[in-house]
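These notes concern the structure reproduced below.
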Amino acid sequence: MDIVIVLFEGFEPLDAIGPYEILAYVPGAKVRFVAPEPGVLTDALGALPVDVRTRYSDVESCDVLLIPGGGGAHKVIADPQFLDWVRRIHATTRFTTSVCTGSQVLGAAGLLDGLTATTHWESVGDLQSYGAAYTSDRVVRQGRIITSAGVSSGIDMALHLAALLTDDTTAQAIQLYTEYDPQPPYDSGSVAKAPAAVLERAGTLNRDRLDG
């Protein structure tokens, strides 16, 4: 079972690494990372270099395609050759998936037009511009396409995907082995739950990080 995760300069780390941790335990699965060009890429937070050995164009088919989000996603969205590759690979997959703003890549490739999908709460308008109907659901499956909301939701999506690729018992075993039993100290993990002051502060976090 060939699972391909796309990386690019400025990818959001947990978008890719969270699902990787889960999907690597799927029996019979081989997870590999691909990039526009072989070499070292740095994540959106700036401190996690990843040496990717495989060029995406060397991949002609796979069982699962996963596209993360991140500040660098705009570069691949603007690359017609990359979007054409996404369309070609999608024709071969069992499932084509995204985490966070990776859904914009699927949208730019024309895969979400007329479908219900999700993304990070700050990027709803961008998702809708590709003809998708936004929902705040954490994980959304539309046939062979699965989108997930912001950052940490990729772990939930990967568990859903593990069940589809194997069975419920195996997916639950992976959940147990990775001890994925979230008990956060706050209940502000969605726009619907967060107080106004938290929402306002969240909107400044990335800007503050870049300015700092």
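Residues in the structure tokens are named by chain (A, B, ... in the order shown) and by number from 1 within that chain; ligands are numbered from 1 in the order shown.
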Please, which residues in region 139-172 of chain A fall within 10 Å of region 15-39 of chain A when counting only C-alpha atoms, and what is the closest atom pair and distance in Å to one decimal for each, ordered by chain then residue number, as CSV?
```
residue,atom,partner,partner_atom,distance
A:Ser148,CA,A:Asp15,CA,9.6
A:Ala149,CA,A:Asp15,CA,9.8
A:Gly150,CA,A:Asp15,CA,8.0
A:Val151,CA,A:Asp15,CA,5.0
A:Ser152,CA,A:Asp15,CA,6.8
A:Ser153,CA,A:Asp15,CA,8.1
A:Gly154,CA,A:Pro19,CA,5.7
A:Ile155,CA,A:Pro19,CA,5.1
A:Asp156,CA,A:Pro19,CA,8.2
A:Met157,CA,A:Pro19,CA,7.6
A:Ala158,CA,A:Pro19,CA,5.1
A:Leu159,CA,A:Ile22,CA,6.8
A:Leu161,CA,A:Leu23,CA,8.2
A:Ala162,CA,A:Val26,CA,6.4
A:Ala163,CA,A:Val26,CA,9.1
A:Leu165,CA,A:Val26,CA,7.9
A:Thr166,CA,A:Val26,CA,7.4
A:Thr170,CA,A:Val26,CA,7.8
A:Ala171,CA,A:Val26,CA,8.0
```
Using N, CA and C atoms, can you export the residues from the last selection as an mmCIF file, in the first residue's frame?
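As a result, part-v3.cif now contains:
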```cif
data_model
loop_
_atom_site.group_PDB
_atom_site.id
_atom_site.type_symbol
_atom_site.label_atom_id
_atom_site.label_comp_id
_atom_site.auth_asym_id
_atom_site.auth_seq_id
_atom_site.Cartn_x
_atom_site.Cartn_y
_atom_site.Cartn_z
ATOM 1 N N SER A 148 -9.678 17.593 5.867
ATOM 2 C CA SER A 148 -9.745 17.793 7.306
ATOM 3 C C SER A 148 -9.447 19.249 7.631
ATOM 4 N N ALA A 149 -9.905 19.668 8.788
ATOM 5 C CA ALA A 149 -9.810 21.076 9.165
ATOM 6 C C ALA A 149 -8.373 21.415 9.566
ATOM 7 N N GLY A 150 -8.193 22.394 10.444
ATOM 8 C CA GLY A 150 -6.862 22.899 10.716
ATOM 9 C C GLY A 150 -5.946 21.965 11.476
ATOM 10 N N VAL A 151 -4.715 21.912 11.059
ATOM 11 C CA VAL A 151 -3.533 21.363 11.715
ATOM 12 C C VAL A 151 -3.768 20.027 12.429
ATOM 13 N N SER A 152 -4.216 20.059 13.684
ATOM 14 C CA SER A 152 -4.314 18.838 14.486
ATOM 15 C C SER A 152 -5.380 17.876 13.968
ATOM 16 N N SER A 153 -6.326 18.375 13.181
ATOM 17 C CA SER A 153 -7.394 17.507 12.670
ATOM 18 C C SER A 153 -6.865 16.438 11.719
ATOM 19 N N GLY A 154 -5.655 16.628 11.223
ATOM 20 C CA GLY A 154 -5.070 15.611 10.352
ATOM 21 C C GLY A 154 -4.898 14.277 11.055
ATOM 22 N N ILE A 155 -4.710 14.290 12.364
ATOM 23 C CA ILE A 155 -4.605 13.036 13.108
ATOM 24 C C ILE A 155 -5.947 12.318 13.097
ATOM 25 N N ASP A 156 -7.025 13.055 13.309
ATOM 26 C CA ASP A 156 -8.362 12.457 13.246
ATOM 27 C C ASP A 156 -8.626 11.884 11.851
ATOM 28 N N MET A 157 -8.257 12.679 10.838
ATOM 29 C CA MET A 157 -8.470 12.216 9.463
ATOM 30 C C MET A 157 -7.700 10.937 9.192
ATOM 31 N N ALA A 158 -6.465 10.870 9.685
ATOM 32 C CA ALA A 158 -5.644 9.690 9.446
ATOM 33 C C ALA A 158 -6.238 8.450 10.114
ATOM 34 N N LEU A 159 -6.854 8.614 11.270
ATOM 35 C CA LEU A 159 -7.510 7.477 11.915
ATOM 36 C C LEU A 159 -8.728 7.021 11.124
ATOM 37 N N LEU A 161 -9.006 7.337 7.955
ATOM 38 C CA LEU A 161 -8.424 6.706 6.782
ATOM 39 C C LEU A 161 -7.878 5.326 7.109
ATOM 40 N N ALA A 162 -7.253 5.176 8.264
ATOM 41 C CA ALA A 162 -6.740 3.864 8.670
ATOM 42 C C ALA A 162 -7.862 2.837 8.747
ATOM 43 N N ALA A 163 -9.020 3.265 9.228
ATOM 44 C CA ALA A 163 -10.164 2.347 9.302
ATOM 45 C C ALA A 163 -10.643 1.956 7.909
ATOM 46 N N LEU A 165 -8.838 1.840 5.228
ATOM 47 C CA LEU A 165 -7.824 1.013 4.578
ATOM 48 C C LEU A 165 -7.704 -0.370 5.204
ATOM 49 N N THR A 166 -8.142 -0.490 6.466
ATOM 50 C CA THR A 166 -8.032 -1.779 7.166
ATOM 51 C C THR A 166 -9.386 -2.151 7.768
ATOM 52 N N THR A 170 -8.299 -2.345 13.807
ATOM 53 C CA THR A 170 -6.916 -1.935 13.556
ATOM 54 C C THR A 170 -6.749 -0.438 13.789
ATOM 55 N N ALA A 171 -7.709 0.357 13.312
ATOM 56 C CA ALA A 171 -7.623 1.807 13.518
ATOM 57 C C ALA A 171 -7.642 2.144 15.009
#
```
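Atom to atom, CA of Pro68 (chain A) and CA of Gly107 (chain A) stand 13.1 Å apart.
Between Val191 (chain A) and the residues A:Arg138, A:Lys75, A:His160, A:Arg207, the shortest atom-to-atom distance, using only C-alpha atoms, involves A:Arg138.
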Quiz item: Looking only at the backbone, which of the residues in region 147-182 of chain A does DSSP tag as helix (DSSP H, G or I), as a PyMOL selection string?
Solution: chain A and resi 153-165+168-177
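Proximity to region 197-201 of chain A at 12 Å, evaluated using only C-alpha atoms and with sequence-adjacent residues fewer than 4 positions away removed, yields A:Trp121, A:Glu122, A:Tyr186, A:Asp187, A:Ser188, A:Gly189, A:Ser190, A:Val191, A:Ala192, A:Lys193, A:Leu205, A:Asn206, A:Arg207, A:Asp208.
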File of the preceding selection, all heavy atoms, as a JSON list (two decimals), in the first residue's frame:
```
[["chain", "number", "residue", "atom", "x", "y", "z"],
["A", 121, "TRP", "N", -9.98, 27.45, 9.72],
["A", 121, "TRP", "CA", -11.05, 28.44, 9.84],
["A", 121, "TRP", "C", -10.68, 29.80, 9.25],
["A", 121, "TRP", "O", -11.56, 30.56, 8.86],
["A", 121, "TRP", "CB", -11.46, 28.60, 11.30],
["A", 121, "TRP", "CG", -10.36, 28.95, 12.26],
["A", 121, "TRP", "CD1", -9.59, 28.08, 12.96],
["A", 121, "TRP", "CD2", -9.92, 30.25, 12.64],
["A", 121, "TRP", "NE1", -8.68, 28.75, 13.75],
["A", 121, "TRP", "CE2", -8.87, 30.09, 13.58],
["A", 121, "TRP", "CE3", -10.31, 31.55, 12.29],
["A", 121, "TRP", "CZ2", -8.20, 31.17, 14.16],
["A", 121, "TRP", "CZ3", -9.65, 32.63, 12.88],
["A", 121, "TRP", "CH2", -8.60, 32.43, 13.80],
["A", 122, "GLU", "N", -9.39, 30.11, 9.14],
["A", 122, "GLU", "CA", -9.00, 31.38, 8.53],
["A", 122, "GLU", "C", -9.05, 31.36, 7.01],
["A", 122, "GLU", "O", -8.90, 32.40, 6.38],
["A", 122, "GLU", "CB", -7.59, 31.76, 8.98],
["A", 122, "GLU", "CG", -7.47, 32.27, 10.40],
["A", 122, "GLU", "CD", -6.13, 32.88, 10.69],
["A", 122, "GLU", "OE1", -5.10, 32.25, 10.40],
["A", 122, "GLU", "OE2", -6.11, 34.02, 11.21],
["A", 186, "TYR", "N", -8.14, 23.29, 27.81],
["A", 186, "TYR", "CA", -9.13, 24.29, 27.45],
["A", 186, "TYR", "C", -10.07, 23.72, 26.40],
["A", 186, "TYR", "O", -9.71, 22.82, 25.64],
["A", 186, "TYR", "CB", -8.47, 25.55, 26.89],
["A", 186, "TYR", "CG", -7.41, 26.13, 27.79],
["A", 186, "TYR", "CD1", -6.07, 26.02, 27.46],
["A", 186, "TYR", "CD2", -7.76, 26.77, 28.98],
["A", 186, "TYR", "CE1", -5.08, 26.55, 28.28],
["A", 186, "TYR", "CE2", -6.78, 27.30, 29.81],
["A", 186, "TYR", "CZ", -5.45, 27.19, 29.45],
["A", 186, "TYR", "OH", -4.49, 27.71, 30.27],
["A", 187, "ASP", "N", -11.26, 24.29, 26.31],
["A", 187, "ASP", "CA", -12.23, 23.87, 25.30],
["A", 187, "ASP", "C", -12.43, 25.02, 24.31],
["A", 187, "ASP", "O", -13.53, 25.55, 24.16],
["A", 187, "ASP", "CB", -13.56, 23.49, 25.97],
["A", 187, "ASP", "CG", -14.51, 22.81, 25.00],
["A", 187, "ASP", "OD1", -14.03, 22.29, 23.97],
["A", 187, "ASP", "OD2", -15.72, 22.83, 25.25],
["A", 188, "SER", "N", -11.33, 25.40, 23.66],
["A", 188, "SER", "CA", -11.39, 26.52, 22.73],
["A", 188, "SER", "C", -10.78, 26.16, 21.39],
["A", 188, "SER", "O", -10.20, 27.00, 20.70],
["A", 188, "SER", "CB", -10.66, 27.74, 23.32],
["A", 188, "SER", "OG", -9.31, 27.41, 23.63],
["A", 189, "GLY", "N", -10.93, 24.89, 21.01],
["A", 189, "GLY", "CA", -10.29, 24.40, 19.80],
["A", 189, "GLY", "C", -11.05, 24.60, 18.52],
["A", 189, "GLY", "O", -10.65, 24.09, 17.47],
["A", 190, "SER", "N", -12.16, 25.34, 18.56],
["A", 190, "SER", "CA", -12.89, 25.67, 17.34],
["A", 190, "SER", "C", -13.46, 27.07, 17.48],
["A", 190, "SER", "O", -13.63, 27.59, 18.59],
["A", 190, "SER", "CB", -14.03, 24.67, 17.09],
["A", 190, "SER", "OG", -15.09, 24.87, 18.01],
["A", 191, "VAL", "N", -13.74, 27.67, 16.34],
["A", 191, "VAL", "CA", -14.30, 29.02, 16.33],
["A", 191, "VAL", "C", -15.62, 29.06, 17.09],
["A", 191, "VAL", "O", -15.94, 30.04, 17.77],
["A", 191, "VAL", "CB", -14.48, 29.51, 14.88],
["A", 191, "VAL", "CG1", -15.23, 30.84, 14.84],
["A", 191, "VAL", "CG2", -13.13, 29.66, 14.20],
["A", 192, "ALA", "N", -16.40, 27.99, 17.01],
["A", 192, "ALA", "CA", -17.70, 27.95, 17.66],
["A", 192, "ALA", "C", -17.59, 27.97, 19.19],
["A", 192, "ALA", "O", -18.50, 28.41, 19.88],
["A", 192, "ALA", "CB", -18.47, 26.70, 17.22],
["A", 193, "LYS", "N", -16.46, 27.51, 19.71],
["A", 193, "LYS", "CA", -16.29, 27.40, 21.16],
["A", 193, "LYS", "C", -15.45, 28.52, 21.75],
["A", 193, "LYS", "O", -15.57, 28.82, 22.94],
["A", 193, "LYS", "CB", -15.62, 26.06, 21.50],
["A", 193, "LYS", "CG", -16.41, 24.84, 21.11],
["A", 193, "LYS", "CD", -15.60, 23.58, 21.43],
["A", 193, "LYS", "CE", -16.32, 22.31, 21.05],
["A", 193, "LYS", "NZ", -15.50, 21.11, 21.35],
["A", 205, "LEU", "N", -1.40, 35.37, 16.12],
["A", 205, "LEU", "CA", -0.28, 34.50, 16.49],
["A", 205, "LEU", "C", 0.75, 34.35, 15.36],
["A", 205, "LEU", "O", 1.95, 34.47, 15.61],
["A", 205, "LEU", "CB", -0.81, 33.11, 16.89],
["A", 205, "LEU", "CG", -1.53, 33.02, 18.23],
["A", 205, "LEU", "CD1", -2.01, 31.60, 18.48],
["A", 205, "LEU", "CD2", -0.64, 33.49, 19.38],
["A", 206, "ASN", "N", 0.29, 34.08, 14.17],
["A", 206, "ASN", "CA", 1.23, 33.86, 13.08],
["A", 206, "ASN", "C", 1.96, 35.14, 12.73],
["A", 206, "ASN", "O", 3.17, 35.13, 12.46],
["A", 206, "ASN", "CB", 0.52, 33.28, 11.86],
["A", 206, "ASN", "CG", 1.48, 32.65, 10.87],
["A", 206, "ASN", "OD1", 2.35, 31.88, 11.27],
["A", 206, "ASN", "ND2", 1.35, 32.98, 9.61],
["A", 207, "ARG", "N", 1.25, 36.25, 12.73],
["A", 207, "ARG", "CA", 1.89, 37.52, 12.44],
["A", 207, "ARG", "C", 2.94, 37.85, 13.50],
["A", 207, "ARG", "O", 4.06, 38.29, 13.18],
["A", 207, "ARG", "CB", 0.84, 38.65, 12.38],
["A", 207, "ARG", "CG", 1.45, 39.99, 12.00],
["A", 207, "ARG", "CD", 0.40, 41.08, 11.85],
["A", 207, "ARG", "NE", -0.20, 41.44, 13.13],
["A", 207, "ARG", "CZ", -1.46, 41.21, 13.45],
["A", 207, "ARG", "NH1", -2.26, 40.62, 12.60],
["A", 207, "ARG", "NH2", -1.94, 41.59, 14.63],
["A", 208, "ASP", "N", 2.61, 37.63, 14.77],
["A", 208, "ASP", "CA", 3.57, 37.88, 15.84],
["A", 208, "ASP", "C", 4.81, 37.00, 15.68],
["A", 208, "ASP", "O", 5.94, 37.44, 15.93],
["A", 208, "ASP", "CB", 2.93, 37.62, 17.20],
["A", 208, "ASP", "CG", 1.89, 38.67, 17.56],
["A", 208, "ASP", "OD1", 1.77, 39.67, 16.83],
["A", 208, "ASP", "OD2", 1.18, 38.45, 18.57]]
```
Exercise. Select from chain A everything DSSP, run on the backbone, classes as strand (DSSP E or B), then give the selection as a VMD selection string.
Key: chain A and resid 2 to 6 30 to 35 39 to 42 49 to 52 54 to 55 64 to 67 95 to 99 116 to 117 133 to 134 139 to 142 145 to 148
Could you please take those selected residues and save N, CA and C atoms as a CSV table (one decimal), in the first residue's frame?
```
chain,number,residue,atom,x,y,z
A,2,ASP,N,0.8,2.0,-1.0
A,2,ASP,CA,1.7,3.2,-1.2
A,2,ASP,C,1.0,4.5,-0.8
A,3,ILE,N,1.5,5.1,0.3
A,3,ILE,CA,0.9,6.3,0.8
A,3,ILE,C,1.9,7.4,0.6
A,4,VAL,N,1.5,8.5,-0.2
A,4,VAL,CA,2.4,9.6,-0.6
A,4,VAL,C,2.0,10.8,0.1
A,5,ILE,N,2.9,11.5,0.8
A,5,ILE,CA,2.7,12.7,1.5
A,5,ILE,C,3.5,13.8,0.8
A,6,VAL,N,2.9,14.8,0.3
A,6,VAL,CA,3.6,15.9,-0.4
A,6,VAL,C,4.1,16.9,0.6
A,30,LYS,N,3.4,1.6,3.1
A,30,LYS,CA,4.7,2.3,2.9
A,30,LYS,C,4.4,3.7,2.8
A,31,VAL,N,4.9,4.5,3.7
A,31,VAL,CA,4.6,6.0,3.6
A,31,VAL,C,5.9,6.6,3.1
A,32,ARG,N,5.8,7.5,2.1
A,32,ARG,CA,6.9,8.2,1.6
A,32,ARG,C,6.6,9.7,1.3
A,33,PHE,N,7.6,10.5,1.4
A,33,PHE,CA,7.4,11.9,1.2
A,33,PHE,C,8.0,12.3,-0.1
A,34,VAL,N,7.3,13.2,-0.8
A,34,VAL,CA,7.8,13.7,-2.1
A,34,VAL,C,7.7,15.2,-2.1
A,35,ALA,N,8.5,15.8,-3.0
A,35,ALA,CA,8.6,17.3,-3.0
A,35,ALA,C,8.8,17.8,-4.5
A,39,GLY,N,15.8,17.3,-1.9
A,39,GLY,CA,16.6,18.2,-1.1
A,39,GLY,C,16.0,18.5,0.2
A,40,VAL,N,16.6,19.5,0.9
A,40,VAL,CA,16.1,19.8,2.3
A,40,VAL,C,15.1,20.9,2.2
A,41,LEU,N,13.9,20.6,2.8
A,41,LEU,CA,12.9,21.6,3.0
A,41,LEU,C,12.7,22.0,4.4
A,42,THR,N,12.3,23.3,4.6
A,42,THR,CA,12.1,23.7,6.0
A,42,THR,C,10.6,24.0,6.2
A,49,PRO,N,14.1,21.1,9.5
A,49,PRO,CA,14.5,20.7,8.1
A,49,PRO,C,14.2,19.2,7.8
A,50,VAL,N,13.7,19.0,6.6
A,50,VAL,CA,13.4,17.6,6.2
A,50,VAL,C,14.1,17.3,4.9
A,51,ASP,N,14.8,16.2,4.8
A,51,ASP,CA,15.5,15.9,3.6
A,51,ASP,C,14.6,14.9,2.8
A,52,VAL,N,14.0,15.4,1.7
A,52,VAL,CA,13.1,14.6,0.9
A,52,VAL,C,13.9,14.2,-0.3
A,54,THR,N,12.6,12.2,-2.9
A,54,THR,CA,11.8,11.8,-4.1
A,54,THR,C,11.1,13.0,-4.7
A,55,ARG,N,11.3,13.2,-6.0
A,55,ARG,CA,10.6,14.3,-6.7
A,55,ARG,C,9.1,13.8,-7.0
A,64,VAL,N,-2.9,6.3,-1.7
A,64,VAL,CA,-3.3,7.4,-0.9
A,64,VAL,C,-2.4,8.6,-1.2
A,65,LEU,N,-3.0,9.7,-1.5
A,65,LEU,CA,-2.3,11.0,-1.6
A,65,LEU,C,-2.7,11.9,-0.5
A,66,LEU,N,-1.8,12.5,0.2
A,66,LEU,CA,-2.1,13.4,1.3
A,66,LEU,C,-1.3,14.7,1.1
A,67,ILE,N,-2.1,15.8,1.1
A,67,ILE,CA,-1.5,17.1,0.9
A,67,ILE,C,-1.7,18.0,2.1
A,95,PHE,N,-7.8,7.0,-2.1
A,95,PHE,CA,-8.2,8.1,-1.4
A,95,PHE,C,-7.2,9.3,-1.7
A,96,THR,N,-7.8,10.5,-1.9
A,96,THR,CA,-7.0,11.7,-2.0
A,96,THR,C,-7.4,12.6,-0.9
A,97,THR,N,-6.4,13.0,-0.1
A,97,THR,CA,-6.8,13.7,1.2
A,97,THR,C,-6.0,15.0,1.4
A,98,SER,N,-6.5,15.8,2.3
A,98,SER,CA,-5.8,17.0,2.6
A,98,SER,C,-6.0,17.3,4.1
A,99,VAL,N,-5.0,18.1,4.6
A,99,VAL,CA,-5.1,18.6,6.0
A,99,VAL,C,-5.0,20.2,5.9
A,116,THR,N,-18.6,19.2,-0.7
A,116,THR,CA,-18.5,19.8,0.6
A,116,THR,C,-17.1,19.4,1.1
A,117,ALA,N,-16.5,20.4,1.8
A,117,ALA,CA,-15.1,20.2,2.2
A,117,ALA,C,-14.8,21.1,3.4
A,133,ALA,N,-18.3,23.7,-1.0
A,133,ALA,CA,-19.2,24.2,0.1
A,133,ALA,C,-18.5,23.9,1.4
A,134,TYR,N,-18.2,24.9,2.2
A,134,TYR,CA,-17.5,24.8,3.4
A,134,TYR,C,-18.4,24.2,4.5
A,139,VAL,N,-13.6,16.4,10.0
A,139,VAL,CA,-13.2,15.5,8.9
A,139,VAL,C,-14.4,15.3,7.9
A,140,VAL,N,-14.2,15.5,6.6
A,140,VAL,CA,-15.2,15.4,5.7
A,140,VAL,C,-14.8,14.4,4.6
A,141,ARG,N,-15.7,13.4,4.4
A,141,ARG,CA,-15.4,12.5,3.3
A,141,ARG,C,-16.5,12.7,2.2
A,142,GLN,N,-16.0,12.8,1.0
A,142,GLN,CA,-16.9,12.9,-0.2
A,142,GLN,C,-16.3,11.9,-1.2
A,145,ILE,N,-12.5,11.5,-1.8
A,145,ILE,CA,-11.8,12.7,-1.3
A,145,ILE,C,-12.1,12.9,0.2
A,146,ILE,N,-11.1,13.1,1.0
A,146,ILE,CA,-11.3,13.4,2.4
A,146,ILE,C,-10.5,14.6,2.7
A,147,THR,N,-11.2,15.6,3.3
A,147,THR,CA,-10.5,16.8,3.7
A,147,THR,C,-10.6,16.9,5.2
A,148,SER,N,-9.7,17.6,5.9
A,148,SER,CA,-9.7,17.8,7.3
A,148,SER,C,-9.4,19.2,7.6
```
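For the pair CA of Thr119 (chain A) and CA of Tyr56 (chain A), the separation is 23.2 Å.
Of note, CA of Val59 (chain A) and CA of Trp85 (chain A) are spaced 9.0 Å apart.
Minimum atom-to-atom distance to Glu60 (chain A), evaluated using only C-alpha atoms, belongs to A:Thr93 out of A:Gln81, A:Thr93, A:Leu112, A:Phe11.
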